[in-house]
$ cat entry-v5.txt   # compact mmCIF, C-alpha atoms
# COMPACT_ATOMS: atom_id res chain seq x y z
CA MET A 1 -61.32 58.37 40.01
CA ASP A 2 -64.39 56.34 40.98
CA ALA A 3 -64.09 57.53 44.57
CA LEU A 4 -63.99 61.14 43.39
CA GLU A 5 -67.12 60.70 41.26
CA GLU A 6 -68.94 59.05 44.18
CA ALA A 7 -67.98 61.93 46.45
CA MET A 8 -69.18 64.51 43.91
CA ASP A 9 -72.47 62.68 43.44
CA ALA A 10 -72.98 62.53 47.19
CA ASN A 11 -72.31 66.26 47.52
CA ALA A 12 -74.75 67.08 44.70
CA LYS A 13 -77.57 64.83 45.93
CA PRO A 14 -78.98 67.23 48.59
CA TYR A 15 -79.12 70.09 46.08
CA LEU A 16 -80.81 67.94 43.44
CA GLU A 17 -83.40 66.81 45.97
CA GLN A 18 -83.97 70.38 47.11
CA GLY A 19 -84.40 71.49 43.51
CA SER A 20 -87.45 69.28 43.11
CA GLY A 21 -89.19 71.30 45.79
CA ASP A 22 -88.29 74.64 44.24
CA SER A 23 -89.69 73.95 40.78
CA LEU A 24 -93.20 74.82 41.87
CA PHE A 25 -94.75 75.05 38.44
CA GLU A 26 -93.54 71.55 37.57
CA GLU A 27 -94.95 70.17 40.80
CA LEU A 28 -98.09 72.29 40.69
CA PHE A 29 -99.15 71.64 37.13
CA GLY A 30 -97.30 68.39 36.49
CA ALA A 31 -96.71 65.25 38.52
CA GLU A 32 -96.49 66.16 42.19
CA VAL A 33 -93.43 64.68 43.85
CA GLY A 34 -94.25 62.96 47.13
CA SER A 35 -92.20 63.29 50.25
CA GLY A 36 -92.98 59.83 51.56
CA ASP A 37 -93.48 56.41 50.06
CA PRO A 38 -94.18 56.80 46.33
CA GLY A 39 -96.52 53.85 46.51
CA ASN A 40 -98.85 55.82 48.80
CA GLU A 41 -99.08 58.79 46.44
CA PRO A 42 -102.20 58.86 44.22
CA PRO A 43 -101.46 59.05 40.50
CA ALA A 44 -101.65 62.54 39.06
CA ALA A 45 -104.81 63.14 37.07
CA GLN A 46 -104.28 63.76 33.39
CA PRO A 47 -105.63 67.15 32.26
CA GLN A 48 -108.68 67.03 30.05
CA VAL A 49 -108.08 69.01 26.87
CA LYS A 50 -110.97 69.93 24.63
CA GLN A 51 -110.32 71.33 21.18
CA GLY A 52 -113.00 73.57 19.74
CA THR A 53 -113.60 75.30 16.44
CA THR A 54 -113.87 79.01 15.77
CA LEU A 55 -116.90 80.37 13.95
CA SER A 56 -116.02 81.88 10.59
CA LEU A 57 -118.21 83.27 7.84
CA PHE A 58 -115.56 82.35 5.28
CA PRO A 59 -114.70 78.83 4.09
CA SER A 60 -110.96 79.46 4.41
CA LEU A 61 -108.38 82.06 5.37
CA TRP A 62 -107.59 82.54 1.70
CA ALA A 63 -111.24 83.48 0.99
CA TYR A 64 -111.24 85.94 3.88
CA VAL A 65 -108.01 87.63 2.79
CA ASN A 66 -109.18 87.84 -0.82
CA THR A 67 -112.50 89.44 0.15
CA ALA A 68 -110.87 91.86 2.59
CA LEU A 69 -108.23 92.93 0.06
CA GLU A 70 -110.89 93.50 -2.59
CA GLN A 71 -112.91 95.76 -0.31
CA LEU A 72 -109.85 97.58 0.99
CA SER A 73 -108.50 98.13 -2.51
CA GLU A 74 -111.77 99.82 -3.52
CA GLN A 75 -111.69 102.07 -0.44
CA MET A 76 -108.06 103.08 -0.95
CA SER A 77 -108.61 103.74 -4.66
CA ARG A 78 -111.48 106.13 -3.86
CA ARG A 79 -109.07 108.03 -1.59
CA GLY A 80 -106.41 108.17 -4.28
CA GLU A 81 -104.20 105.59 -2.54
CA PRO A 82 -104.25 102.57 -4.87
CA LEU A 83 -103.20 99.29 -3.30
CA ASP A 84 -100.60 97.41 -5.32
CA VAL A 85 -101.66 93.77 -5.02
CA LYS A 86 -101.74 90.82 -7.41
CA ILE A 87 -103.55 87.58 -6.61
CA PHE A 88 -102.88 84.22 -8.24
CA PRO A 89 -105.71 81.96 -7.03
CA GLU A 90 -104.55 78.93 -9.02
CA GLN A 91 -101.22 78.89 -7.18
CA GLY A 92 -102.71 80.01 -3.85
CA CYS A 93 -100.25 82.91 -3.91
CA MET A 94 -100.37 86.70 -3.81
CA GLU A 95 -97.97 89.63 -4.11
CA ILE A 96 -98.47 92.96 -2.38
CA THR A 97 -96.46 96.11 -1.93
CA PRO A 98 -97.00 96.81 1.79
CA PRO A 99 -98.34 100.28 2.63
CA SER A 100 -96.55 102.22 5.32
CA ASP A 101 -98.86 101.12 8.17
CA LEU A 102 -98.46 97.45 7.22
CA ARG A 103 -94.69 97.85 7.02
CA ARG A 104 -94.63 99.36 10.50
CA ARG A 105 -96.10 96.14 11.88
CA TYR A 106 -92.98 94.31 10.80
CA GLU A 107 -90.90 96.55 13.05
CA ARG A 108 -92.02 94.38 15.99
CA TYR A 109 -90.19 91.42 14.46
CA PRO A 110 -86.44 90.66 14.48
CA LYS A 111 -84.48 92.25 11.65
CA GLU A 112 -84.04 88.86 9.98
CA LEU A 113 -87.80 88.58 9.52
CA ARG A 114 -88.46 92.09 8.21
CA PRO A 115 -88.85 92.54 4.46
CA ALA A 116 -86.59 94.97 2.65
CA GLN A 117 -87.97 98.47 2.19
CA ASP A 118 -88.26 98.15 -1.59
CA ARG A 119 -89.43 94.54 -1.65
CA ARG A 120 -92.92 93.23 -2.36
CA LEU A 121 -94.40 90.60 -0.07
CA VAL A 122 -95.02 87.20 -1.60
CA LEU A 123 -97.52 85.18 0.46
CA SER A 124 -99.01 81.72 0.12
CA THR A 125 -101.26 79.42 2.12
CA GLU A 126 -99.63 76.35 0.56
CA VAL A 127 -97.38 74.51 3.00
CA ALA A 128 -95.51 72.75 0.19
CA ALA A 129 -94.65 76.10 -1.42
CA LEU A 130 -93.28 77.39 1.87
CA GLN A 131 -91.14 74.28 2.31
CA ARG A 132 -89.64 74.81 -1.14
CA ALA A 133 -88.93 78.47 -0.32
CA LEU A 134 -87.22 77.50 2.94
CA GLU A 135 -85.07 74.97 1.12
CA GLN A 136 -84.03 77.58 -1.45
CA ALA A 137 -83.19 80.04 1.34
CA ARG A 138 -80.97 77.43 3.00
CA ARG A 139 -79.13 76.79 -0.25
CA LYS A 140 -78.55 80.53 -0.68
CA ASP A 141 -77.51 80.96 2.98
CA SER A 142 -80.37 83.43 3.35
CA ALA A 143 -81.99 83.96 6.73
CA ARG A 144 -85.31 84.95 5.15
CA PRO A 145 -87.17 82.92 2.48
CA GLU A 146 -88.59 84.72 -0.53
CA LEU A 147 -92.09 83.48 0.34
CA GLU A 148 -94.03 83.97 3.57
CA TYR A 149 -96.63 81.59 4.92
CA LEU A 150 -100.05 83.21 5.11
CA TRP A 151 -101.76 82.08 8.32
CA ASP A 152 -104.12 83.43 10.96
CA LEU A 153 -101.44 85.36 12.90
CA HIS A 154 -99.63 86.84 9.92
CA PRO A 155 -99.17 90.66 10.09
CA LEU A 156 -101.21 91.03 6.90
CA VAL A 157 -104.22 89.31 8.49
CA ASP A 158 -104.03 91.54 11.58
CA TRP A 159 -103.67 94.58 9.35
CA LEU A 160 -106.76 93.64 7.33
CA ALA A 161 -108.80 93.09 10.50
CA ASP A 162 -107.84 96.52 11.86
CA ARG A 163 -108.51 98.16 8.50
CA GLY A 164 -111.94 96.53 8.43
CA GLN A 165 -112.80 98.01 11.81
CA LEU A 166 -111.69 101.46 10.64
CA ALA A 167 -114.26 101.28 7.84
CA PHE A 168 -116.86 102.28 10.44
CA ALA A 169 -116.66 105.29 12.70
CA ARG A 170 -116.23 104.89 16.43
CA HIS A 171 -119.37 103.70 18.24
CA CYS A 172 -120.90 102.76 14.90
CA ALA A 173 -121.87 99.35 13.53
CA PRO A 174 -123.05 98.21 10.11
CA VAL A 175 -126.77 97.66 9.54
CA LEU A 176 -127.50 94.94 7.01
CA MET A 177 -130.96 95.35 5.48
CA LEU A 178 -132.05 91.90 4.34
CA ASN A 179 -134.93 90.73 2.22
CA SER A 180 -134.68 87.07 3.25
CA GLY A 181 -133.40 84.88 6.07
CA LEU A 182 -135.34 86.80 8.74
CA ASP A 183 -139.02 87.13 9.47
CA PRO A 184 -140.64 90.38 8.24
CA GLY A 185 -139.88 93.14 10.74
CA GLN A 186 -137.35 91.04 12.65
CA VAL A 187 -134.24 92.74 14.05
CA VAL A 188 -131.15 90.89 15.27
CA MET A 189 -128.43 92.77 17.09
CA VAL A 190 -125.12 90.93 17.12
CA LEU A 191 -122.83 91.67 20.07
CA GLN A 192 -119.38 90.42 20.98
CA GLY A 193 -118.89 89.94 24.70
CA SER A 194 -115.84 89.05 26.72
CA ILE A 195 -114.89 88.79 30.39
CA PRO A 196 -111.17 88.81 31.22
CA ASN A 197 -109.38 87.35 34.19
CA ARG A 198 -107.47 89.58 36.58
CA LYS A 199 -104.45 89.35 34.30
CA GLY A 200 -106.47 91.01 31.55
CA VAL A 201 -106.67 87.88 29.40
CA PRO A 202 -110.17 87.22 27.95
CA VAL A 203 -111.51 83.98 29.44
CA VAL A 204 -115.22 84.04 28.63
CA GLN A 205 -115.83 85.11 25.02
CA GLU A 206 -119.20 84.88 23.34
CA TRP A 207 -120.88 86.21 20.21
CA VAL A 208 -124.56 86.60 20.98
CA GLY A 209 -127.59 87.65 18.94
CA VAL A 210 -130.52 89.49 20.51
CA SER A 211 -133.67 89.20 18.36
CA PHE A 212 -136.68 91.52 18.29
CA ALA A 213 -139.86 90.46 16.50
CA GLY A 214 -140.57 94.02 15.36
CA PRO A 215 -139.79 97.68 16.13
CA GLY A 216 -140.84 97.30 19.76
CA LEU A 217 -138.66 96.55 22.78
CA ARG A 218 -139.88 93.01 23.43
CA VAL A 219 -137.01 90.56 23.08
CA ALA A 220 -137.96 87.44 21.13
CA ALA A 221 -134.78 85.44 21.69
CA VAL A 222 -131.21 85.62 22.98
CA GLU A 223 -128.99 82.96 21.42
CA PRO A 224 -125.46 82.30 20.19
CA PHE A 225 -124.58 84.11 16.99
CA ALA A 226 -123.54 80.80 15.40
CA ALA A 227 -127.16 79.65 15.41
CA ILE A 228 -128.30 82.91 13.78
CA ALA A 229 -125.57 82.77 11.14
CA GLN A 230 -126.59 79.22 10.28
CA ARG A 231 -130.27 80.12 10.04
CA VAL A 232 -129.78 83.29 7.99
CA GLY A 233 -127.14 81.72 5.75
CA LEU A 234 -124.35 84.20 6.49
CA GLY A 235 -121.20 83.17 4.71
CA ARG A 236 -122.98 80.70 2.44
CA GLN A 237 -124.70 83.13 0.11
CA HIS A 238 -124.38 86.69 -1.09
CA LEU A 239 -126.84 89.01 0.62
CA ALA A 240 -127.77 92.32 -0.99
CA ASN A 241 -127.54 95.31 1.32
CA ARG A 242 -129.77 98.10 0.02
CA GLN A 243 -127.88 101.12 1.24
CA ALA A 244 -130.57 103.55 0.08
CA VAL A 245 -133.00 102.30 2.72
CA ALA A 246 -133.18 104.60 5.74
CA ILE A 247 -132.15 103.06 9.05
CA PRO A 248 -135.15 102.93 11.43
CA GLU A 249 -134.94 105.15 14.51
CA SER A 250 -136.37 102.29 16.59
CA LEU A 251 -132.99 100.55 16.40
CA LYS A 252 -131.49 103.09 18.80
CA ALA A 253 -133.97 102.21 21.53
CA GLN A 254 -133.56 98.50 20.85
CA ARG A 255 -129.79 98.84 21.16
CA ALA A 256 -129.96 99.64 24.87
CA VAL A 257 -132.22 96.64 25.49
CA ALA A 258 -129.93 94.40 23.45
CA VAL A 259 -126.90 95.44 25.51
CA LYS A 260 -128.79 94.67 28.73
CA GLU A 261 -129.88 91.23 27.49
CA ALA A 262 -126.44 90.36 26.16
CA SER A 263 -124.89 91.40 29.47
CA ALA A 264 -127.23 89.02 31.32
CA TYR A 265 -126.30 86.27 28.85
CA LEU A 266 -122.57 86.82 29.48
CA LEU A 267 -123.07 86.87 33.24
CA ALA A 268 -124.82 83.50 33.03
CA CYS A 269 -121.82 82.20 31.07
CA LYS A 270 -119.59 83.67 33.78
CA GLN A 271 -121.48 81.80 36.51
CA ARG A 272 -121.15 78.51 34.63
CA TRP A 273 -117.45 79.11 34.13
CA GLU A 274 -116.92 79.91 37.82
CA ALA A 275 -118.88 76.82 38.90
CA TRP A 276 -116.68 74.72 36.62
CA MET A 277 -113.43 76.42 37.68
CA GLN A 278 -113.94 76.76 41.45
CA PRO A 279 -113.08 73.10 42.27
CA GLU A 280 -109.93 73.43 40.17
CA LEU A 281 -108.99 76.67 41.92
CA ASN A 282 -109.47 75.01 45.31
CA ALA A 283 -107.37 72.04 44.22
CA GLN A 284 -104.54 74.31 43.06
CA GLN A 285 -104.59 76.23 46.34
CA GLU A 286 -104.48 72.98 48.33
CA ARG A 287 -101.59 71.72 46.25
CA LEU A 288 -99.72 74.95 46.82
CA GLN A 289 -100.25 74.58 50.56
CA ARG A 290 -98.92 71.01 50.49
CA LEU A 291 -95.85 72.12 48.59
CA ARG A 292 -95.26 74.92 51.08
CA ASP A 293 -95.61 72.53 54.04
CA ARG A 294 -93.12 70.20 52.37
CA GLN A 295 -90.53 72.95 51.99
CA VAL A 296 -91.04 74.07 55.60
CA GLN A 297 -90.55 70.48 56.72
CA ARG A 298 -87.35 70.23 54.69
CA LEU A 299 -86.16 73.52 56.17
CA THR A 300 -86.80 72.20 59.69
CA LEU A 301 -84.72 69.09 58.97
CA ASP A 302 -81.86 71.18 57.54
CA HIS A 303 -82.03 73.47 60.57
CA ALA A 304 -81.71 70.51 62.92
CA LYS A 305 -78.64 69.22 61.06
CA ASP A 306 -76.92 72.59 60.95
CA ARG A 307 -73.87 72.73 63.19
CA SER A 308 -73.62 76.52 63.27
CA THR A 309 -74.27 78.62 66.33
CA GLN A 310 -77.86 79.11 67.44
CA GLN A 311 -77.85 82.74 66.35
CA VAL A 312 -76.56 81.88 62.85
CA ARG A 313 -78.99 78.97 62.55
CA ASP A 314 -81.96 81.13 63.54
CA LYS A 315 -80.95 83.86 61.11
CA LYS A 316 -80.60 81.39 58.24
CA ARG A 317 -83.95 79.83 59.08
CA ALA A 318 -85.69 83.23 59.21
CA GLU A 319 -84.24 84.20 55.82
CA SER A 320 -85.27 80.88 54.29
CA MET A 321 -88.78 81.14 55.73
CA LYS A 322 -89.10 84.63 54.28
CA GLN A 323 -88.11 83.33 50.85
CA ILE A 324 -90.64 80.51 51.11
CA ASP A 325 -93.43 82.89 52.18
CA VAL A 326 -92.70 85.35 49.36
CA ARG A 327 -92.43 82.59 46.80
CA PHE A 328 -95.72 80.97 47.71
CA GLN A 329 -97.55 84.27 48.12
CA ASP A 330 -96.51 85.14 44.57
CA HIS A 331 -97.68 81.76 43.29
CA GLN A 332 -100.99 81.98 45.14
CA ARG A 333 -101.60 85.47 43.77
CA PHE A 334 -100.74 84.26 40.26
CA VAL A 335 -103.17 81.34 40.49
CA ARG A 336 -105.96 83.56 41.79
CA GLU A 337 -105.44 86.19 39.10
CA VAL A 338 -105.38 83.62 36.31
CA MET A 339 -108.38 81.62 37.53
CA THR A 340 -110.58 84.52 38.71
CA ILE A 341 -112.51 86.65 36.22
CA GLU A 342 -113.85 90.17 36.45
CA ALA A 343 -117.40 90.95 37.52
CA ALA A 344 -118.73 92.80 34.47
CA PRO A 345 -118.50 91.84 30.79
CA TYR A 346 -117.19 94.05 28.00
CA LEU A 347 -119.72 94.30 25.15
CA LYS A 348 -119.39 95.60 21.61
CA LEU A 349 -122.19 95.94 19.06
CA VAL A 350 -120.78 94.28 15.94
CA ALA A 351 -123.67 94.41 13.46
CA VAL A 352 -127.43 94.72 13.08
CA LEU A 353 -129.49 92.46 10.82
CA HIS A 354 -132.91 93.83 9.85
CA ARG A 355 -135.74 92.94 7.50
CA GLU A 356 -138.50 95.38 6.72
CA ALA A 357 -142.01 94.46 7.77
$ encode --input "entry-v5.txt" --output "structure tokens"
Amino acid sequence: MDALEEAMDANAKPYLEQGSGDSLFEELFGAEVGSGDPGNEPPAAQPQVKQGTTLSLFPSLWAYVNTALEQLSEQMSRRGEPLDVKIFPEQGCMEITPPSDLRRRYERYPKELRPAQDRRLVLSTEVAALQRALEQARRKDSARPELEYLWDLHPLVDWLADRGQLAFARHCAPVLMLNSGLDPGQVVMVLQGSIPNRKGVPVVQEWVGVSFAGPGLRVAAVEPFAAIAQRVGLGRQHLANRQAVAIPESLKAQRAVAVKEASAYLLACKQRWEAWMQPELNAQQERLQRLRDRQVQRLTLDHAKDRSTQQVRDKKRAESMKQIDVRFQDHQRFVREVMTIEAAPYLKLVAVLHREA
């Protein structure tokens, strides 16, 4: 029995060793396996992970959802489509009968996670409440708890965000007429900018404010929106928006200048990102090349040990080389597309802050 196990282990060893060369992602992004003396291999550098915070004008997700539901309920009531929602702030819980467009979002989920057609949604931001609901579902052998956890990626949150955007017509943005927080005559145009990589994933994302001292086209400042929100007090106090005030025509001319300035701001961010990423891109390409050379070397050794005829050996080697070339070309293309971003930013005017002179 021991002899059989030793023979099986010996037969499996070449395939296990070869497998370490095929798992390119593990070698590329993890610890690279050396082909020589492990003591001569430099230790793999640990990736530096930085955790940031997202700017929000609301103190919590619960506050955002409450405010959005209040505004949406008023809009739907004016259209004769009342929204059936009950909020229990003391328990951090709410109940809502999902409208048809919200229910359609659940169709993307597995059947076990979709609510029944005639069932109200019960949502909570309390983790302890969700744990109790999960325990009750397990006792009842139910695949779906009676309570859903309300978090940033919940379908309700996405639905509210989309509904909020539909409150304004296409190519339109809200103009907030302030009587404090800005200098008299000051205009701030808030733009959201993003630059995706070649996979279409946004890599550089910035909210930027372009300030004008008055109705003219001279730009006073271009700065992150977070600084403007802090200075104006957005999210920390209620600001009256006098809707009866006419929107100045000068804003239309300033809009084109703001887009140009914000584009230059995003391009500067792009250059900083590329300068930071280029050494990493070069390092990944070099590592890919080393891995390819290692597999070619292993293929050469296997070819030398092969006892087949020369024609069969050459055919097998050509097929293996083709597989190696295709594999590494795909990986090189993937790395380039992920770590290379597009040339021009995408900009969207989000809002305009204005104070009369």
$ closest_residue --input "entry-v5.txt" --among "A:Leu217, A:Ala129, A:Leu113, A:Leu150" --to "Trp62 (chain A)" --atoms "all atoms listed in the file"
A:Leu150
$ closest_residue --input "entry-v5.txt" --among "A:Lys270, A:Leu281, A:Ile87, A:Ala351" --to "Arg333 (chain A)" --atoms "only C-alpha atoms"
A:Leu281
$ closest_residue --input "entry-v5.txt" --among "A:Leu153, A:Cys93, A:Ala137, A:Ile324" --to "Arg292 (chain A)" --atoms "all atoms listed in the file"
A:Ile324
$ atom_distance --input "entry-v5.txt" --atom1 "CA of Arg144 (chain A)" --atom2 "CA of Pro89 (chain A)"
23.9 Å
$ closest_residue --input "entry-v5.txt" --among "A:Ile195, A:Glu135, A:Leu234, A:Ser100" --to "Ser180 (chain A)" --atoms "only C-alpha atoms"
A:Leu234
$ residues_around --input "entry-v5.txt" --residues "Phe212 (chain A)" --least-positions-apart "6" --cutoff "9 Å" --atoms "all atoms listed in the file" --output "short mmCIF file (atom, residue, chain, number, x, y, z; two decimals) with C-alpha atoms, in the coordinates of the input"
data_model
loop_
_atom_site.label_atom_id
_atom_site.label_comp_id
_atom_site.auth_asym_id
_atom_site.auth_seq_id
_atom_site.Cartn_x
_atom_site.Cartn_y
_atom_site.Cartn_z
CA GLY A 185 -139.88 93.14 10.74
CA GLN A 186 -137.35 91.04 12.65
CA VAL A 187 -134.24 92.74 14.05
CA VAL A 188 -131.15 90.89 15.27
CA MET A 189 -128.43 92.77 17.09
CA ARG A 218 -139.88 93.01 23.43
CA VAL A 219 -137.01 90.56 23.08
CA ALA A 220 -137.96 87.44 21.13
CA ALA A 221 -134.78 85.44 21.69
CA GLN A 254 -133.56 98.50 20.85
CA ALA A 258 -129.93 94.40 23.45
#
$ atom_distance --input "entry-v5.txt" --atom1 "CA of Leu191 (chain A)" --atom2 "CA of Pro224 (chain A)"
9.7 Å
$ decode --input "entry-v5.txt" --residues "region 274-316 of chain A" --atoms "C-alpha atoms" --output "PDB file, in the first residue's frame"
ATOM      1  CA  GLU A 274      -0.752  57.828 -14.639  1.00  0.00           C
ATOM      2  CA  ALA A 275       2.509  58.975 -13.035  1.00  0.00           C
ATOM      3  CA  TRP A 276       1.620  56.935  -9.959  1.00  0.00           C
ATOM      4  CA  MET A 277       0.455  53.885 -11.934  1.00  0.00           C
ATOM      5  CA  GLN A 278       3.103  53.695 -14.679  1.00  0.00           C
ATOM      6  CA  PRO A 279       5.804  52.070 -12.479  1.00  0.00           C
ATOM      7  CA  GLU A 280       3.253  49.496 -11.340  1.00  0.00           C
ATOM      8  CA  LEU A 281       2.209  48.810 -14.929  1.00  0.00           C
ATOM      9  CA  ASN A 282       5.851  48.326 -15.926  1.00  0.00           C
ATOM     10  CA  ALA A 283       6.403  45.999 -12.969  1.00  0.00           C
ATOM     11  CA  GLN A 284       3.380  43.885 -13.918  1.00  0.00           C
ATOM     12  CA  GLN A 285       4.543  43.630 -17.522  1.00  0.00           C
ATOM     13  CA  GLU A 286       8.026  42.569 -16.395  1.00  0.00           C
ATOM     14  CA  ARG A 287       6.565  39.967 -14.080  1.00  0.00           C
ATOM     15  CA  LEU A 288       4.432  38.604 -16.891  1.00  0.00           C
ATOM     16  CA  GLN A 289       7.514  38.329 -19.077  1.00  0.00           C
ATOM     17  CA  ARG A 290       9.392  36.436 -16.352  1.00  0.00           C
ATOM     18  CA  LEU A 291       6.506  34.033 -15.939  1.00  0.00           C
ATOM     19  CA  ARG A 292       6.375  33.464 -19.688  1.00  0.00           C
ATOM     20  CA  ASP A 293      10.130  32.809 -19.840  1.00  0.00           C
ATOM     21  CA  ARG A 294       9.755  30.329 -16.995  1.00  0.00           C
ATOM     22  CA  GLN A 295       7.049  28.384 -18.812  1.00  0.00           C
ATOM     23  CA  VAL A 296       9.091  28.360 -22.039  1.00  0.00           C
ATOM     24  CA  GLN A 297      12.056  27.044 -20.077  1.00  0.00           C
ATOM     25  CA  ARG A 298       9.903  24.308 -18.558  1.00  0.00           C
ATOM     26  CA  LEU A 299       8.569  23.449 -22.011  1.00  0.00           C
ATOM     27  CA  THR A 300      12.138  23.144 -23.341  1.00  0.00           C
ATOM     28  CA  LEU A 301      13.047  20.736 -20.539  1.00  0.00           C
ATOM     29  CA  ASP A 302       9.934  18.623 -21.166  1.00  0.00           C
ATOM     30  CA  HIS A 303      10.707  18.590 -24.885  1.00  0.00           C
ATOM     31  CA  ALA A 304      14.221  17.308 -24.218  1.00  0.00           C
ATOM     32  CA  LYS A 305      12.887  14.482 -22.018  1.00  0.00           C
ATOM     33  CA  ASP A 306      10.211  13.434 -24.484  1.00  0.00           C
ATOM     34  CA  ARG A 307      10.950  10.073 -26.075  1.00  0.00           C
ATOM     35  CA  SER A 308       8.524  10.478 -28.973  1.00  0.00           C
ATOM     36  CA  THR A 309       9.579  10.869 -32.574  1.00  0.00           C
ATOM     37  CA  GLN A 310      11.015  14.202 -33.660  1.00  0.00           C
ATOM     38  CA  GLN A 311       7.902  15.036 -35.666  1.00  0.00           C
ATOM     39  CA  VAL A 312       5.579  14.323 -32.719  1.00  0.00           C
ATOM     40  CA  ARG A 313       7.853  16.225 -30.329  1.00  0.00           C
ATOM     41  CA  ASP A 314       7.967  19.274 -32.599  1.00  0.00           C
ATOM     42  CA  LYS A 315       4.209  19.247 -33.044  1.00  0.00           C
ATOM     43  CA  LYS A 316       3.604  19.039 -29.298  1.00  0.00           C
TER      44      LYS A 316
END
